[in-house]
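Novice: What follows is coords02.cif; its format and atoms are mmCIF, C-alpha atoms and all ligand atoms.
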data_run
loop_
_atom_site.label_atom_id
_atom_site.label_comp_id
_atom_site.auth_asym_id
_atom_site.auth_seq_id
_atom_site.Cartn_x
_atom_site.Cartn_y
_atom_site.Cartn_z
CA MET A 731 105.78 135.22 112.11
CA SER A 732 105.43 139.01 112.39
CA GLY A 733 104.04 140.97 109.45
CA ASP A 734 100.97 140.85 107.27
CA ILE A 735 99.12 138.60 104.87
CA LEU A 736 97.41 140.25 101.91
CA THR A 737 94.44 138.49 100.33
CA LEU A 738 93.33 139.31 96.78
CA ASN A 739 90.02 138.27 95.26
CA ALA A 740 89.98 139.37 91.63
CA GLY A 741 86.47 139.11 90.15
CA SER A 742 85.22 140.03 86.70
CA SER A 743 84.75 143.71 87.53
CA SER A 744 86.06 144.04 91.07
CA LEU A 745 89.19 143.49 93.11
CA LYS A 746 88.57 142.83 96.79
CA PHE A 747 91.51 142.85 99.20
CA ALA A 748 92.17 142.45 102.91
CA VAL A 749 95.27 142.74 105.09
CA PHE A 750 95.50 140.36 108.05
CA ASP A 751 98.03 140.16 110.85
CA ALA A 752 100.07 137.05 110.02
CA GLU A 753 100.31 136.13 113.72
CA ALA A 754 96.81 136.87 115.01
CA ARG A 755 94.37 133.99 114.60
CA ASP A 756 91.22 136.11 114.56
CA ARG A 757 89.18 136.62 111.42
CA THR A 758 89.17 140.44 111.39
CA PRO A 759 91.39 142.12 108.79
CA ARG A 760 93.46 145.16 109.78
CA ILE A 761 92.52 146.84 106.49
CA SER A 762 90.03 145.79 103.81
CA GLY A 763 88.42 147.26 100.75
CA MET A 764 87.95 146.98 97.04
CA ILE A 765 88.22 148.52 93.62
CA ALA A 766 84.68 148.23 92.24
CA GLY A 767 83.48 148.89 88.69
CA ILE A 768 86.68 147.88 86.86
CA GLY A 769 86.20 148.43 83.11
CA ARG A 770 83.46 151.04 83.61
CA ALA A 771 83.88 153.66 86.35
CA PRO A 772 86.27 152.16 88.93
CA GLU A 773 86.16 153.39 92.51
CA PHE A 774 88.47 152.52 95.38
CA SER A 775 87.28 152.25 98.96
CA ALA A 776 89.04 150.99 102.09
CA ARG A 777 88.34 150.74 105.80
CA ALA A 778 90.20 149.92 108.99
CA SER A 779 89.31 146.98 111.26
CA GLY A 780 86.73 148.95 113.26
CA GLY A 781 84.96 149.92 110.02
CA ALA A 782 86.27 153.52 109.86
CA PRO A 783 86.89 154.62 106.26
CA LEU A 784 90.57 155.14 105.37
CA ASP A 785 92.00 158.04 103.38
CA THR A 786 91.91 157.01 99.71
CA GLY A 787 92.70 160.49 98.32
CA ASP A 788 96.28 159.42 97.55
CA PHE A 789 95.19 156.37 95.50
CA GLY A 790 96.42 156.77 91.90
CA ALA A 791 94.10 157.78 89.07
CA LEU A 792 91.57 155.13 88.01
CA GLY A 793 89.67 155.23 84.73
CA ALA A 794 87.52 153.04 82.50
CA GLU A 795 90.71 151.86 80.76
CA THR A 796 92.43 150.74 84.02
CA SER A 797 93.00 146.97 83.88
CA HIS A 798 92.93 144.58 86.84
CA ALA A 799 96.76 144.39 86.74
CA GLU A 800 97.12 148.18 86.77
CA GLY A 801 94.62 148.41 89.62
CA ILE A 802 96.72 145.92 91.62
CA VAL A 803 99.88 147.99 91.12
CA LEU A 804 98.04 151.08 92.41
CA LEU A 805 96.70 149.06 95.34
CA LEU A 806 100.15 147.70 96.27
CA ASP A 807 101.59 151.25 96.20
CA TRP A 808 98.72 152.55 98.34
CA LEU A 809 99.12 149.70 100.80
CA ALA A 810 102.85 150.33 101.11
CA ARG A 811 101.95 153.83 102.35
CA HIS A 812 99.08 152.78 104.65
CA GLN A 813 100.17 149.43 106.01
CA GLY A 814 102.87 150.87 108.27
CA GLU A 815 106.28 149.29 108.78
CA ARG A 816 104.96 145.75 108.66
CA PRO A 817 106.55 143.39 106.10
CA LEU A 818 104.26 141.40 103.81
CA GLN A 819 104.79 137.70 104.50
CA ALA A 820 102.54 136.34 101.76
CA VAL A 821 99.80 137.16 99.29
CA GLY A 822 96.88 134.72 99.15
CA HIS A 823 94.71 134.63 96.05
CA ARG A 824 91.27 133.31 95.33
CA VAL A 825 91.69 131.15 92.21
CA VAL A 826 88.43 129.89 90.81
CA HIS A 827 89.52 126.67 89.08
CA GLY A 828 92.11 124.21 90.37
CA GLY A 829 91.20 121.52 87.80
CA LYS A 830 92.29 117.93 88.42
CA GLY A 831 95.72 118.96 89.70
CA PHE A 832 95.00 121.29 92.64
CA SER A 833 92.66 121.18 95.60
CA ALA A 834 94.70 122.24 98.68
CA PRO A 835 96.13 125.79 98.92
CA THR A 836 99.32 125.78 96.86
CA ARG A 837 102.41 128.00 96.74
CA VAL A 838 102.59 129.50 93.25
CA THR A 839 105.64 128.69 91.11
CA ASP A 840 106.11 129.22 87.36
CA ALA A 841 105.06 125.60 86.77
CA VAL A 842 101.90 126.00 88.91
CA LEU A 843 101.00 129.21 87.09
CA ALA A 844 101.46 127.52 83.70
CA GLU A 845 99.12 124.69 84.73
CA LEU A 846 96.48 127.10 86.05
CA GLU A 847 96.68 128.96 82.75
CA THR A 848 95.42 125.85 80.91
CA LEU A 849 92.17 126.11 82.94
CA VAL A 850 91.26 129.59 81.63
CA PRO A 851 88.72 128.22 79.10
CA LEU A 852 86.88 126.51 82.00
CA ALA A 853 86.37 129.77 83.91
CA PRO A 854 86.69 132.60 81.38
CA LEU A 855 85.03 135.22 83.63
CA HIS A 856 87.36 134.70 86.60
CA GLN A 857 90.51 132.66 86.00
CA PRO A 858 92.22 135.27 83.71
CA HIS A 859 91.77 137.97 86.38
CA ASN A 860 92.92 135.66 89.18
CA LEU A 861 96.09 134.83 87.27
CA ALA A 862 96.65 138.47 86.22
CA ALA A 863 96.68 139.34 89.92
CA ILE A 864 99.35 136.69 90.61
CA ARG A 865 101.48 137.96 87.73
CA ALA A 866 101.15 141.60 88.80
CA VAL A 867 102.33 140.77 92.33
CA ALA A 868 105.20 138.64 90.97
CA ALA A 869 106.35 141.53 88.76
CA TRP A 870 106.25 143.90 91.77
CA ARG A 871 108.00 141.59 94.27
CA PRO A 872 109.29 138.38 92.59
CA ASP A 873 110.51 136.99 95.95
CA LEU A 874 107.16 137.29 97.74
CA CYS A 875 105.39 134.05 98.68
CA GLN A 876 102.10 133.77 96.75
CA ILE A 877 99.51 131.16 97.63
CA ALA A 878 96.61 130.08 95.42
CA CYS A 879 93.40 129.01 97.20
CA PHE A 880 90.92 127.19 95.00
CA ASP A 881 87.16 127.55 94.78
CA THR A 882 87.01 123.96 93.57
CA GLY A 883 88.99 122.63 96.58
CA PHE A 884 86.17 122.28 99.12
CA HIS A 885 84.31 119.82 96.90
CA HIS A 886 87.05 117.19 96.79
CA THR A 887 85.24 115.23 99.49
CA GLN A 888 82.43 114.31 97.06
CA ASP A 889 82.03 110.74 95.94
CA ARG A 890 82.31 109.62 92.34
CA LEU A 891 78.56 109.45 91.69
CA SER A 892 78.18 113.11 92.61
CA ARG A 893 81.00 114.08 90.29
CA ILE A 894 80.69 112.18 87.02
CA PHE A 895 78.59 113.02 83.98
CA ALA A 896 76.86 110.32 81.94
CA LEU A 897 79.54 110.68 79.27
CA PRO A 898 81.89 108.02 77.87
CA ARG A 899 84.44 106.90 80.48
CA ALA A 900 87.39 108.23 78.48
CA LEU A 901 86.07 111.78 78.86
CA THR A 902 85.52 111.28 82.60
CA ASP A 903 89.09 109.96 82.90
CA GLU A 904 90.32 113.08 81.09
CA GLY A 905 88.84 115.22 83.88
CA ILE A 906 85.50 116.22 82.37
CA ILE A 907 83.71 115.92 85.70
CA ARG A 908 81.79 118.15 88.09
CA TYR A 909 84.29 120.23 90.09
CA GLY A 910 81.95 122.68 91.86
CA PHE A 911 82.82 126.26 92.87
CA HIS A 912 82.36 128.89 95.64
CA GLY A 913 84.40 126.52 97.80
CA LEU A 914 86.09 129.28 99.84
CA SER A 915 82.67 130.64 100.76
CA TYR A 916 81.36 127.18 101.69
CA ASP A 917 84.52 126.51 103.69
CA HIS A 918 83.86 129.67 105.74
CA ILE A 919 80.23 128.73 106.38
CA ALA A 920 81.29 125.19 107.37
CA ARG A 921 83.77 126.67 109.90
CA VAL A 922 81.27 129.03 111.57
CA LEU A 923 78.19 126.79 111.41
CA PRO A 924 78.65 125.29 114.92
CA GLU A 925 78.45 128.86 116.38
CA HIS A 926 74.89 129.03 115.02
CA LEU A 927 73.64 125.44 114.99
CA GLY A 928 75.59 123.62 117.71
CA PRO A 929 75.66 119.85 117.06
CA ARG A 930 73.09 120.23 114.23
CA ALA A 931 75.91 121.80 112.19
CA GLU A 932 77.13 118.23 111.60
CA GLY A 933 73.78 117.26 110.10
CA ARG A 934 72.20 117.62 106.65
CA VAL A 935 72.78 121.22 105.55
CA ILE A 936 72.34 123.02 102.25
CA VAL A 937 74.19 126.32 101.84
CA ALA A 938 72.88 128.72 99.19
CA HIS A 939 75.63 131.07 98.01
CA LEU A 940 73.54 133.63 96.10
CA GLY A 941 75.62 136.47 94.64
CA ASN A 942 76.32 137.47 91.06
CA GLY A 943 77.43 133.89 90.71
CA ALA A 944 75.12 131.50 92.56
CA SER A 945 75.32 127.89 93.65
CA LEU A 946 74.19 125.43 96.33
CA CYS A 947 76.27 123.02 98.36
CA ALA A 948 74.89 119.97 100.19
CA MET A 949 76.99 119.24 103.30
CA LYS A 950 76.98 116.53 105.93
CA GLY A 951 79.54 116.58 108.75
CA ARG A 952 80.39 120.04 107.28
CA LYS A 953 81.89 118.35 104.19
CA SER A 954 80.66 118.82 100.63
CA LEU A 955 78.62 115.86 99.33
CA ALA A 956 77.13 117.51 96.23
CA THR A 957 76.89 120.90 94.60
CA SER A 958 74.95 122.58 91.81
CA MET A 959 77.88 123.86 89.75
CA GLY A 960 79.73 121.43 87.53
CA PHE A 961 82.69 121.37 85.13
CA THR A 962 82.40 125.15 84.82
CA ALA A 963 80.68 127.85 86.87
CA LEU A 964 77.79 127.93 84.36
CA ASP A 965 75.77 125.02 85.70
CA GLY A 966 72.92 125.03 88.20
CA LEU A 967 71.12 128.15 89.38
CA VAL A 968 70.04 131.23 87.43
CA MET A 969 72.78 133.85 88.03
CA GLY A 970 73.30 137.56 87.34
CA ARG A 971 74.29 137.02 83.74
CA ARG A 972 74.75 133.23 83.50
CA CYS A 973 71.95 130.92 82.47
CA GLY A 974 72.58 128.02 84.87
CA SER A 975 71.48 124.52 83.78
CA LEU A 976 70.44 124.38 80.16
CA ASP A 977 69.28 121.58 77.88
CA PRO A 978 72.48 120.84 75.89
CA GLY A 979 70.22 120.46 72.84
CA VAL A 980 69.77 124.24 72.88
CA LEU A 981 73.49 124.62 72.12
CA LEU A 982 73.28 122.20 69.18
CA TYR A 983 70.27 124.13 67.85
CA LEU A 984 72.07 127.48 68.15
CA MET A 985 75.09 126.10 66.30
CA GLN A 986 73.22 124.16 63.61
CA SER A 987 70.22 126.38 62.92
CA LYS A 988 71.53 129.81 63.83
CA GLY A 989 75.17 129.29 62.81
CA MET A 990 76.44 130.63 66.12
CA GLY A 991 80.15 130.20 66.83
CA VAL A 992 82.02 129.49 70.04
CA ALA A 993 82.66 133.14 70.98
CA GLU A 994 79.02 134.09 70.43
CA ILE A 995 77.77 131.15 72.47
CA GLU A 996 80.23 131.88 75.28
CA ASP A 997 79.01 135.49 75.36
CA LEU A 998 75.37 134.35 75.37
CA LEU A 999 75.83 131.86 78.22
CA TYR A 1000 78.17 133.91 80.44
CA ARG A 1001 77.12 137.51 79.82
CA GLN A 1002 73.70 137.86 78.16
CA SER A 1003 71.61 135.35 80.14
CA GLY A 1004 70.47 134.90 83.74
CA LEU A 1005 68.63 137.70 85.55
CA PHE A 1006 69.93 140.14 82.93
CA GLY A 1007 68.70 138.12 79.96
CA VAL A 1008 65.31 137.22 81.40
CA SER A 1009 64.53 140.73 82.66
CA GLY A 1010 66.18 142.66 79.84
CA ILE A 1011 66.78 145.25 82.58
CA SER A 1012 69.67 144.36 84.89
CA ASN A 1013 71.78 141.57 86.37
CA ASN A 1014 71.51 143.28 89.74
CA MET A 1015 68.90 141.81 92.08
CA ARG A 1016 68.43 145.06 94.01
CA VAL A 1017 67.66 146.95 90.79
CA LEU A 1018 65.18 144.25 89.73
CA GLU A 1019 63.42 144.33 93.10
CA GLN A 1020 62.96 148.07 92.81
CA SER A 1021 61.91 147.94 89.15
CA GLY A 1022 58.33 146.65 89.41
CA ALA A 1023 58.39 145.74 85.67
CA PRO A 1024 56.73 142.36 84.94
CA GLU A 1025 59.94 141.18 83.24
CA ALA A 1026 61.92 141.96 86.44
CA ASP A 1027 59.34 140.11 88.56
CA GLU A 1028 59.50 137.12 86.22
CA ALA A 1029 63.31 137.03 86.44
CA ILE A 1030 63.14 137.02 90.28
CA ALA A 1031 60.42 134.35 90.24
CA LEU A 1032 62.49 132.14 87.92
CA PHE A 1033 65.60 132.66 90.09
CA ALA A 1034 63.66 131.48 93.16
CA TYR A 1035 61.87 128.57 91.47
CA ARG A 1036 65.07 127.23 89.95
CA ALA A 1037 66.94 127.60 93.25
CA ALA A 1038 64.25 125.51 94.97
CA SER A 1039 64.15 122.86 92.25
CA VAL A 1040 67.94 122.53 92.13
CA LEU A 1041 67.93 122.30 95.95
CA ALA A 1042 65.43 119.45 95.73
CA GLY A 1043 67.79 117.70 93.31
CA LEU A 1044 70.55 117.72 95.95
CA LEU A 1045 68.40 116.05 98.63
CA PRO A 1046 69.17 112.43 97.62
CA ALA A 1047 72.81 113.12 98.52
CA LEU A 1048 71.71 114.09 102.06
CA GLY A 1049 68.60 111.97 102.63
CA GLY A 1050 66.71 114.96 104.09
CA LEU A 1051 67.36 118.46 105.34
CA ASP A 1052 68.12 119.86 108.80
CA ALA A 1053 69.23 123.38 107.88
CA LEU A 1054 69.27 125.80 104.98
CA VAL A 1055 71.83 128.63 105.09
CA PHE A 1056 71.68 131.72 102.87
CA THR A 1057 74.86 133.68 102.14
CA ALA A 1058 76.51 136.19 99.69
CA GLY A 1059 75.01 139.45 98.37
CA ILE A 1060 71.49 138.22 97.54
CA GLY A 1061 71.39 135.52 100.22
CA GLU A 1062 72.44 137.96 102.97
CA ASN A 1063 70.33 140.94 101.88
CA SER A 1064 67.31 140.01 99.78
CA ALA A 1065 64.42 139.09 102.07
CA ARG A 1066 62.15 138.83 99.03
CA THR A 1067 64.33 136.23 97.30
CA ARG A 1068 64.75 134.15 100.48
CA GLN A 1069 61.00 134.22 101.06
CA ALA A 1070 60.30 133.25 97.43
CA ILE A 1071 62.72 130.30 97.57
CA CYS A 1072 61.40 129.07 100.92
CA ALA A 1073 57.80 129.35 99.68
CA HIS A 1074 58.61 126.51 97.23
CA LEU A 1075 59.99 124.37 100.08
CA GLY A 1076 57.03 124.26 102.46
CA TRP A 1077 56.57 120.54 101.64
CA LEU A 1078 60.00 119.95 103.23
CA GLY A 1079 58.87 121.58 106.47
CA VAL A 1080 60.60 124.91 105.73
CA GLU A 1081 58.73 127.77 107.42
CA VAL A 1082 60.00 131.36 107.49
CA ASP A 1083 59.31 133.97 110.18
CA ALA A 1084 58.40 137.01 108.05
CA ALA A 1085 59.59 139.60 110.59
CA ALA A 1086 62.96 137.89 111.18
CA ASN A 1087 63.41 137.52 107.43
CA ALA A 1088 62.64 141.19 106.81
CA GLU A 1089 65.37 142.13 109.34
CA ASN A 1090 67.99 139.80 107.79
CA ALA A 1091 68.19 138.11 111.22
CA VAL A 1092 70.61 135.20 111.63
CA ARG A 1093 67.75 132.74 112.25
CA ILE A 1094 64.80 133.39 109.94
CA SER A 1095 62.88 130.12 110.39
CA SER A 1096 59.76 130.12 112.56
CA ASP A 1097 59.76 128.21 115.85
CA GLY A 1098 57.68 125.45 114.24
CA SER A 1099 59.89 125.02 111.16
CA ALA A 1100 61.25 121.49 110.71
CA VAL A 1101 64.31 123.00 109.01
CA ASP A 1102 66.53 125.72 110.56
CA VAL A 1103 66.84 128.57 108.09
CA LEU A 1104 69.79 130.90 108.68
CA VAL A 1105 71.40 133.97 107.12
CA VAL A 1106 75.18 133.89 107.63
CA PRO A 1107 77.62 136.35 106.02
CA THR A 1108 80.35 134.75 103.97
CA ASP A 1109 84.04 135.65 104.33
CA GLU A 1110 86.25 134.21 101.62
CA GLU A 1111 89.13 136.48 102.68
CA ALA A 1112 89.29 134.93 106.17
CA VAL A 1113 89.56 131.45 104.63
CA ILE A 1114 92.38 132.55 102.31
CA ALA A 1115 94.23 134.19 105.23
CA ALA A 1116 93.88 131.04 107.35
CA ALA A 1117 95.27 128.92 104.50
CA CYS A 1118 98.24 131.27 104.12
CA ARG A 1119 98.97 131.17 107.86
CA ALA A 1120 98.89 127.37 107.80
CA LEU A 1121 101.31 127.19 104.84
CA LEU A 1122 103.65 129.79 106.40
CA ASP A 1123 103.61 127.85 109.70
CA ASP A 1124 104.43 124.62 107.84
CA ALA A 1125 107.28 126.30 105.98
CA ALA A 1126 108.67 127.71 109.27
CA ALA A 1127 108.43 124.35 111.10
P1 LIG B 1201 79.73 138.76 93.69
O1 LIG B 1201 79.41 137.38 93.19
O2 LIG B 1201 80.06 139.72 92.60
O3 LIG B 1201 80.71 138.79 94.87
P2 LIG B 1201 77.79 139.60 95.68
O4 LIG B 1201 77.89 138.44 96.59
O5 LIG B 1201 78.34 140.91 96.13
O6 LIG B 1201 78.34 139.27 94.23
O7 LIG B 1201 76.23 139.79 95.33
C1 LIG B 1201 75.79 140.75 94.44
C2 LIG B 1201 74.28 140.65 94.33
O8 LIG B 1201 73.71 140.90 95.62
C3 LIG B 1201 73.68 141.66 93.37
O9 LIG B 1201 72.69 141.05 92.56
C4 LIG B 1201 73.05 142.65 94.32
O10 LIG B 1201 71.95 143.33 93.76
C5 LIG B 1201 72.60 141.74 95.43
N1 LIG B 1201 72.27 142.53 96.63
C6 LIG B 1201 73.11 143.18 97.45
N2 LIG B 1201 72.41 143.87 98.39
C7 LIG B 1201 71.09 143.65 98.13
C8 LIG B 1201 69.87 144.08 98.75
N3 LIG B 1201 69.87 144.87 99.80
N4 LIG B 1201 68.71 143.63 98.22
C9 LIG B 1201 68.70 142.83 97.15
N5 LIG B 1201 69.82 142.38 96.53
C10 LIG B 1201 71.00 142.79 97.01
#
Written as structure tokens, that's how I'd like the structure from this file.
Ligand code: ADP

Specialist:
Amino acid sequence: MSGDILTLNAGSSSLKFAVFDAEARDRTPRISGMIAGIGRAPEFSARASGGAPLDTGDFGALGAETSHAEGIVLLLDWLARHQGERPLQAVGHRVVHGGKGFSAPTRVTDAVLAELETLVPLAPLHQPHNLAAIRAVAAWRPDLCQIACFDTGFHHTQDRLSRIFALPRALTDEGIIRYGFHGLSYDHIARVLPEHLGPRAEGRVIVAHLGNGASLCAMKGRKSLATSMGFTALDGLVMGRRCGSLDPGVLLYLMQSKGMGVAEIEDLLYRQSGLFGVSGISNNMRVLEQSGAPEADEAIALFAYRAASVLAGLLPALGGLDALVFTAGIGENSARTRQAICAHLGWLGVEVDAAANAENAVRISSDGSAVDVLVVPTDEEAVIAAACRALLDDAAA
């Protein structure tokens, strides 16, 4: 199948893309880049496979008012000029929530899109942008094959006990269960883990995806057994602007005693909390690390403590721990956060080599550590491209 596969990962304020050769099986994109800062001061950047920056001077005008959909149209036009004579075979999208209906990568039809639309309230920060990207591509080239790859999909191997809430059965049957997220990232780590751990990759592993959104996944045999996110991407760890696990009684109090409505509570939980809310300074870990303000230090300390305590809560699913893997923006780059999390896990036999950690080395555990501690970059785009290739191959067979 000659031509290209385009992957789109539409986040709340960014649009990441990558162009892969549809035939080549390697994980390196021919072109990749992003529009960052959508809604504020958007900037476009792109690079070729060797890392060399590409000419972006002919990208259309971006401004604070440029929407995700408009950004995609500009991107598609730019790609048409820079991609060469290669036909696009498919566009693969990261879609955060697949709900009860979708776990495997799925070719998008009008009916699929309508069903994914019903899940917007479950992922208000991401799902609307994911679906806007699909619609923008459909308007540009209605005939083009579009494939949705779900962040919830990787967790479908979990057993019922890991998935249900202690709510009445009728609500469970309706689909109010723990779905889990960051599945494309966990899928990538699961694929590359044997390169780093050999046979221990099949053992008891916890992956910490620590970015703006943050979660943990407990894996055995490289399959998800439990995860820290639940019905929505609010549960679990402290995040950039999301609170993570919260006593549900707080919500009742806010409604009953403070008269807060749904929109206000949604804004509080998704946008005003987390590192941003606790520090009152920023949602950005790098900014907090450089700040030195006691509120910033407290936010980082809470992030680390909660990550360790949520990790401990996943251990019954595994019965112990052989390896801990850090990934995503904070996990790959913040030596301070990794050290702070691991400092709470000494009782498990986790021991970090300070010099290796400071260098963001792949293996940061000391020789005597009972648990391997690794730093492995995530690559959601490679997982989406692989899913597209598999579906295209099936369709051609
Ligand atoms: P997203 O969920 O938006 O994809 P990322 O995975 O890119 O997020 O992670 C963004 C987070 O990573 C931000 O909090 C950012 O400050 C943090 N980060 C990136 N580089 C560093 C660094 N060198 N030191 C500390 N934190 C970093």

Novice: Per residue of chain A within 9 Å of ligand LIG 1201 (chain B), which atom pair is closest and at what distance in Å (one decimal), using all atoms listed in the file, listed by chain and increasing number, as a Markdown table?

Specialist:
| residue | atom | partner | partner_atom | distance |
| --- | --- | --- | --- | --- |
| A:Gly741 | CA | B:LIG1201 | O2 | 6.9 |
| A:Ser742 | CA | B:LIG1201 | O2 | 7.8 |
| A:Ser743 | CA | B:LIG1201 | O2 | 8.0 |
| A:Ser744 | CA | B:LIG1201 | O2 | 7.6 |
| A:His939 | CA | B:LIG1201 | O4 | 7.8 |
| A:Leu940 | CA | B:LIG1201 | O4 | 6.5 |
| A:Gly941 | CA | B:LIG1201 | O7 | 3.4 |
| A:Asn942 | CA | B:LIG1201 | O1 | 3.8 |
| A:Gly943 | CA | B:LIG1201 | O1 | 4.7 |
| A:Ala944 | CA | B:LIG1201 | O1 | 7.3 |
| A:Met969 | CA | B:LIG1201 | O9 | 8.5 |
| A:Gly970 | CA | B:LIG1201 | O9 | 6.3 |
| A:Leu1005 | CA | B:LIG1201 | O9 | 8.8 |
| A:Ser1012 | CA | B:LIG1201 | O9 | 8.9 |
| A:Asn1013 | CA | B:LIG1201 | O9 | 6.3 |
| A:Asn1014 | CA | B:LIG1201 | O9 | 3.8 |
| A:Met1015 | CA | B:LIG1201 | O10 | 3.8 |
| A:Arg1016 | CA | B:LIG1201 | C9 | 3.9 |
| A:Val1017 | CA | B:LIG1201 | O10 | 6.4 |
| A:Leu1018 | CA | B:LIG1201 | O10 | 7.9 |
| A:Glu1019 | CA | B:LIG1201 | C9 | 6.8 |
| A:Gln1020 | CA | B:LIG1201 | C9 | 8.9 |
| A:Thr1057 | CA | B:LIG1201 | O4 | 7.9 |
| A:Ala1058 | CA | B:LIG1201 | O4 | 4.1 |
| A:Gly1059 | CA | B:LIG1201 | O7 | 3.3 |
| A:Ile1060 | CA | B:LIG1201 | O8 | 4.0 |
| A:Gly1061 | CA | B:LIG1201 | O8 | 7.4 |
| A:Glu1062 | CA | B:LIG1201 | N2 | 7.5 |
| A:Asn1063 | CA | B:LIG1201 | C8 | 4.5 |
| A:Ser1064 | CA | B:LIG1201 | C9 | 4.1 |
| A:Ala1065 | CA | B:LIG1201 | N4 | 7.3 |
| A:Arg1066 | CA | B:LIG1201 | C9 | 7.9 |
| A:Thr1067 | CA | B:LIG1201 | C9 | 7.9 |
| A:Thr1108 | CA | B:LIG1201 | O4 | 8.6 |

Novice: Show me, as lines of an AutoDock Vina configuration file, the centre and edge lengths in Å to one decimal of the axis-aligned box that covers every listed atom of region 792-807 of chain A with 3 Å on each side.

Specialist:
center_x = 94.6
center_y = 149.8
center_z = 88.5
size_x = 20.1
size_y = 16.8
size_z = 21.5

Novice: Find the residue from A:Leu981, A:Leu1054, A:Thr957, A:Thr758 that sits nearest to Leu1104 (chain A); use only C-alpha atoms when measuring.

Specialist: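 Among the listed residues, the smallest separation from Leu1104 (chain A) belongs to A:Leu1054.
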
Novice: So, with only C-alpha atoms as the atoms that count, which of A:Ala810, A:Leu1121, A:Leu804, A:Ala1115 lies closest to Asp751 (chain A)?

Specialist: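 Closest to Asp751 (chain A) of all the choices is A:Ala1115.
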
Novice: Looking at A:Phe1033, A:Val1103, A:Gly989, A:Leu792, which one is nearest to Ile1071 (chain A), with distances taken over all atoms listed in the file?

Specialist: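 Nearest candidate to Ile1071 (chain A) out of A:Phe1033, A:Val1103, A:Gly989, A:Leu792: A:Phe1033.
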
Novice: For Val749 (chain A), which of A:Asp788, A:Asp734, A:Asp917, A:Asp997 is the closest residue, counting all atoms listed in the file?

Specialist: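 Counting all atoms listed in the file, the residue closest to Val749 (chain A) is A:Asp734.
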
Novice: Name the residues in contact with Leu874 (chain A) at a cut-off of 8 Å, using all atoms listed in the file, excluding same-chain residues fewer than 2 positions from it; report them as a ChimeraX atom specification.

Specialist: /A:818-821,868,871-872,876

Novice: Mind checking which residues fall within 9 Å of Arg1001 (chain A), counting all atoms listed in the file, ignoring those fewer than 2 positions away in the same chain, and posting them as a list in words?

Specialist: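 Counting only the stated atoms, we get Gly970, Arg971, Arg972, Cys973, Glu996, Asp997, Leu998, Leu999, Ser1003, Gly1004, Phe1006 and Gly1007 of chain A.
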
Novice: For Ala853 (chain A), which residue among A:Gly960, A:Gly913, A:Gly1010, A:Gly790 is the nearest when counting all atoms listed in the file?

Specialist: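 When distances to Ala853 (chain A) are compared using all atoms listed in the file, the smallest one comes from A:Gly960.
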
Novice: How many Å separate CA of Phe789 (chain A) from CA of Arg757 (chain A)?

Specialist: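 Spanning CA of Phe789 (chain A) to CA of Arg757 (chain A) is a straight-line distance of 26.1 Å.
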
Novice: One number please: CA of Glu1111 (chain A) to CA of Thr887 (chain A), in Å, one decimal.

Specialist: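 CA of Glu1111 (chain A) sits 21.8 Å away from CA of Thr887 (chain A).
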
Novice: What is the distance, in Å and to one decimal place, between CA of Ile919 (chain A) and CA of Pro1107 (chain A)?

Specialist: 8.1 Å

Novice: Find the residue from A:Pro783, A:Phe911, A:Ile1094, A:Thr962 that sits nearest to Val850 (chain A); use all atoms listed in the file when measuring.

Specialist: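 That would be A:Thr962, the residue with the smallest distance to Val850 (chain A).
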